[in-house]
Amino acid sequence: MVKRTAILISGSGSNMVRLVRDMTGDHPARPVLVLSNVPGAGGLAKAEALGVPTAVVDHRPFGTDRAAFEAALRAKLDAARPDIICLAGFMRILTAEFIAAHAGRMLNIHPSLLPKYRGLNTHARALEAGDAQHGCTVHEVTAELDGGKILGQARVPVLPGDDAAALAARVQAAEHRLYPAVLRRFSAGDRRPLNIG
Ligand code: GAR
């Protein structure tokens, strides 16, 4: 049975594009929805161009009412009946209730070698710490921020002269290799951590 996969984005959707492009042929999953909390997010047009249905739930009218925002999000998500949900640059923190409703089938890509640098500004923090290596992690989403089971990591070197933008670009190229590889394994039922790079 093909795994119906929804992808949640907030921005340019470059990871989403890599996931969608990989979900062909003998891949066990297929994209059924790209959902954004940001109207006009660059990834929406890319998803449409790839023939994937899109939806938007703007978080702003909900203010601090996270439960109401997530109810609207779930209405769109549930209509697509996803087996797997991939967060790909989705920049809203989800409540424990939302996460519990999708336990074991929601993935996220985070731009650091977790457990290092949960949260934001990961590239600047790796530079500040003088790390020789940096990278990205795909993990299961649990109520602990950036804390779920690690499904895969890709490493990149930190090079002399790097600033946060240069390092971010190198990490993002690694994200584009890692996330499709992890989703392919995960959707086939393989949750063993994958290490590349
Ligand atoms: C990615 O680099 C991803 O690691 C990061 O947002 C970017 C989205 O880019 N996610 C986080 O920081 C999550 N805390 P994209 O829209 O081009 O895929």
# chains A, B, ... in the order shown; residues from 1 in each chain; ligands from 1

call {"tool": "residues_near_ligand", "arguments": {"ligand": "ligand 1", "cutoff": "10 Å", "atoms": "only C-alpha atoms and all ligand atoms", "output": "PyMOL selection string"}}
result
chain A and resi 8-19+41-43+87-93+108-112+118-123+135-138+145-146+168-169+171-176+179

call {"tool": "residues_around", "arguments": {"residues": "Ile84 (chain A)", "least_positions_apart": "4", "cutoff": "9 Å", "atoms": "only C-alpha atoms", "output": "ChimeraX atom specification"}}
result
/A:3-7,29,102,104-107,187

call {"tool": "write_last_selection", "arguments": {"atoms": "all heavy atoms", "output": "JSON list (two decimals), in the first residue's frame"}}
result
[["chain", "number", "residue", "atom", "x", "y", "z"],
["A", 3, "LYS", "N", 2.22, 4.85, 0.65],
["A", 3, "LYS", "CA", 2.11, 5.72, 1.82],
["A", 3, "LYS", "C", 1.80, 7.14, 1.36],
["A", 3, "LYS", "O", 2.61, 7.77, 0.67],
["A", 3, "LYS", "CB", 3.42, 5.71, 2.62],
["A", 3, "LYS", "CG", 3.75, 4.37, 3.25],
["A", 3, "LYS", "CD", 2.85, 4.12, 4.43],
["A", 3, "LYS", "CE", 3.28, 2.95, 5.30],
["A", 3, "LYS", "NZ", 3.56, 1.72, 4.60],
["A", 4, "ARG", "N", 0.63, 7.62, 1.76],
["A", 4, "ARG", "CA", 0.21, 8.97, 1.38],
["A", 4, "ARG", "C", 0.99, 9.96, 2.25],
["A", 4, "ARG", "O", 0.98, 9.85, 3.48],
["A", 4, "ARG", "CB", -1.29, 9.12, 1.60],
["A", 4, "ARG", "CG", -2.12, 8.13, 0.78],
["A", 4, "ARG", "CD", -3.59, 8.19, 1.17],
["A", 4, "ARG", "NE", -4.18, 9.50, 0.96],
["A", 4, "ARG", "CZ", -4.66, 9.94, -0.20],
["A", 4, "ARG", "NH1", -4.63, 9.15, -1.26],
["A", 4, "ARG", "NH2", -5.16, 11.16, -0.31],
["A", 5, "THR", "N", 1.65, 10.90, 1.62],
["A", 5, "THR", "CA", 2.57, 11.78, 2.35],
["A", 5, "THR", "C", 2.19, 13.25, 2.16],
["A", 5, "THR", "O", 2.05, 13.72, 1.03],
["A", 5, "THR", "CB", 4.02, 11.54, 1.86],
["A", 5, "THR", "OG1", 4.33, 10.16, 2.08],
["A", 5, "THR", "CG2", 5.01, 12.41, 2.61],
["A", 6, "ALA", "N", 2.01, 13.92, 3.29],
["A", 6, "ALA", "CA", 1.76, 15.36, 3.29],
["A", 6, "ALA", "C", 3.04, 16.07, 3.73],
["A", 6, "ALA", "O", 3.77, 15.57, 4.58],
["A", 6, "ALA", "CB", 0.62, 15.71, 4.23],
["A", 7, "ILE", "N", 3.30, 17.23, 3.13],
["A", 7, "ILE", "CA", 4.51, 17.99, 3.46],
["A", 7, "ILE", "C", 4.09, 19.39, 3.90],
["A", 7, "ILE", "O", 3.34, 20.07, 3.20],
["A", 7, "ILE", "CB", 5.45, 18.07, 2.23],
["A", 7, "ILE", "CG1", 5.75, 16.67, 1.71],
["A", 7, "ILE", "CG2", 6.74, 18.80, 2.60],
["A", 7, "ILE", "CD1", 6.48, 16.64, 0.37],
["A", 29, "ALA", "N", 6.15, 5.76, -1.17],
["A", 29, "ALA", "CA", 5.27, 6.89, -0.80],
["A", 29, "ALA", "C", 4.94, 7.75, -2.01],
["A", 29, "ALA", "O", 5.66, 7.74, -3.01],
["A", 29, "ALA", "CB", 5.94, 7.73, 0.28],
["A", 102, "HIS", "N", -0.43, 12.48, 15.69],
["A", 102, "HIS", "CA", 0.31, 11.97, 14.52],
["A", 102, "HIS", "C", 1.58, 11.25, 14.95],
["A", 102, "HIS", "O", 2.55, 11.17, 14.19],
["A", 102, "HIS", "CB", 0.64, 13.13, 13.57],
["A", 102, "HIS", "CG", -0.56, 13.94, 13.20],
["A", 102, "HIS", "ND1", -0.90, 15.12, 13.80],
["A", 102, "HIS", "CD2", -1.54, 13.71, 12.29],
["A", 102, "HIS", "CE1", -2.02, 15.59, 13.27],
["A", 102, "HIS", "NE2", -2.44, 14.75, 12.36],
["A", 104, "GLY", "N", 4.60, 8.96, 15.65],
["A", 104, "GLY", "CA", 5.24, 7.88, 14.92],
["A", 104, "GLY", "C", 5.15, 8.01, 13.41],
["A", 104, "GLY", "O", 5.65, 7.16, 12.68],
["A", 105, "ARG", "N", 4.48, 9.06, 12.94],
["A", 105, "ARG", "CA", 4.39, 9.22, 11.48],
["A", 105, "ARG", "C", 4.64, 10.64, 11.03],
["A", 105, "ARG", "O", 4.30, 11.03, 9.92],
["A", 105, "ARG", "CB", 3.06, 8.68, 10.95],
["A", 105, "ARG", "CG", 1.85, 9.21, 11.62],
["A", 105, "ARG", "CD", 0.64, 8.31, 11.38],
["A", 105, "ARG", "NE", -0.55, 8.94, 11.89],
["A", 105, "ARG", "CZ", -1.35, 9.72, 11.16],
["A", 105, "ARG", "NH1", -1.08, 9.96, 9.90],
["A", 105, "ARG", "NH2", -2.41, 10.25, 11.71],
["A", 106, "MET", "N", 5.27, 11.44, 11.92],
["A", 106, "MET", "CA", 5.62, 12.82, 11.55],
["A", 106, "MET", "C", 7.14, 13.00, 11.67],
["A", 106, "MET", "O", 7.75, 12.70, 12.70],
["A", 106, "MET", "CB", 4.88, 13.82, 12.44],
["A", 106, "MET", "CG", 5.12, 15.25, 12.04],
["A", 106, "MET", "SD", 3.75, 16.36, 12.45],
["A", 106, "MET", "CE", 3.62, 16.11, 14.20],
["A", 107, "LEU", "N", 7.75, 13.51, 10.58],
["A", 107, "LEU", "CA", 9.20, 13.69, 10.49],
["A", 107, "LEU", "C", 9.51, 15.18, 10.36],
["A", 107, "LEU", "O", 8.69, 15.95, 9.86],
["A", 107, "LEU", "CB", 9.73, 13.00, 9.23],
["A", 107, "LEU", "CG", 10.03, 11.51, 9.24],
["A", 107, "LEU", "CD1", 8.88, 10.69, 9.76],
["A", 107, "LEU", "CD2", 10.39, 11.05, 7.83],
["A", 187, "SER", "N", 9.34, 5.20, 4.82],
["A", 187, "SER", "CA", 8.06, 4.79, 4.24],
["A", 187, "SER", "C", 8.04, 3.31, 3.88],
["A", 187, "SER", "O", 6.99, 2.73, 3.68],
["A", 187, "SER", "CB", 7.69, 5.67, 3.04],
["A", 187, "SER", "OG", 8.74, 5.74, 2.12]]

call {"tool": "atom_distance", "arguments": {"atom1": "CA of Pro180 (chain A)", "atom2": "CA of Val57 (chain A)"}}
result
25.2 Å

call {"tool": "select_by_dssp", "arguments": {"residues": "region 29-175 of chain A", "states": "alpha helix (DSSP H)", "output": "ChimeraX atom specification"}}
result
/A:42-49,66-79,96-101,122-128,164-175

call {"tool": "closest_residue", "arguments": {"among": "A:Leu127, A:Ala47, A:Ile85, A:Ala71", "to": "Asp163 (chain A)", "atoms": "only C-alpha atoms"}}
result
A:Leu127

call {"tool": "atom_distance", "arguments": {"atom1": "CA of Val20 (chain A)", "atom2": "CA of Glu48 (chain A)"}}
result
11.2 Å

call {"tool": "atom_distance", "arguments": {"atom1": "CA of Val34 (chain A)", "atom2": "CA of Lys116 (chain A)"}}
result
28.8 Å

call {"tool": "residues_around", "arguments": {"residues": "Lys149 (chain A)", "least_positions_apart": "5", "cutoff": "8 Å", "atoms": "only C-alpha atoms", "output": "VMD selection string"}}
result
chain A and resid 139 to 141

call {"tool": "residues_around", "arguments": {"residues": "Arg191 (chain A)", "least_positions_apart": "3", "cutoff": "8 Å", "atoms": "only C-alpha atoms", "output": "PDB file with C-alpha atoms, in the first residue's frame"}}
result
ATOM      1  CA  LEU A 151      16.322   8.808  11.664  1.00  0.00           C
ATOM      2  CA  ARG A 185      13.547   4.126   4.120  1.00  0.00           C
ATOM      3  CA  PHE A 186      10.959   5.337   6.624  1.00  0.00           C
TER       4      PHE A 186
END

call {"tool": "select_by_dssp", "arguments": {"residues": "chain A", "states": "strand (DSSP E)", "output": "ChimeraX atom specification"}}
result
/A:3-9,29-36,54-56,84-87,106-110,133-140,150-157,194-196

call {"tool": "closest_residue", "arguments": {"among": "A:Pro157, A:Gly63, A:Gly152, A:Gly189", "to": "Gln133 (chain A)", "atoms": "only C-alpha atoms"}}
result
A:Pro157

call {"tool": "closest_residue", "arguments": {"among": "A:Ala124, A:Ala188, A:Ala80, A:Ala143", "to": "Val2 (chain A)", "atoms": "only C-alpha atoms"}}
result
A:Ala188

call {"tool": "closest_residue", "arguments": {"among": "A:Val158, A:Val32, A:Val38, A:Ala67", "to": "Ala96 (chain A)", "atoms": "only C-alpha atoms"}}
result
A:Ala67

call {"tool": "closest_residue", "arguments": {"among": "A:Ala164, A:Arg170, A:Ala103, A:Thr95", "to": "Glu128 (chain A)", "atoms": "only C-alpha atoms"}}
result
A:Ala164

call {"tool": "closest_residue", "arguments": {"among": "A:Lys46, A:Arg30, A:Arg81, A:Arg155", "to": "His134 (chain A)", "atoms": "only C-alpha atoms"}}
result
A:Arg155
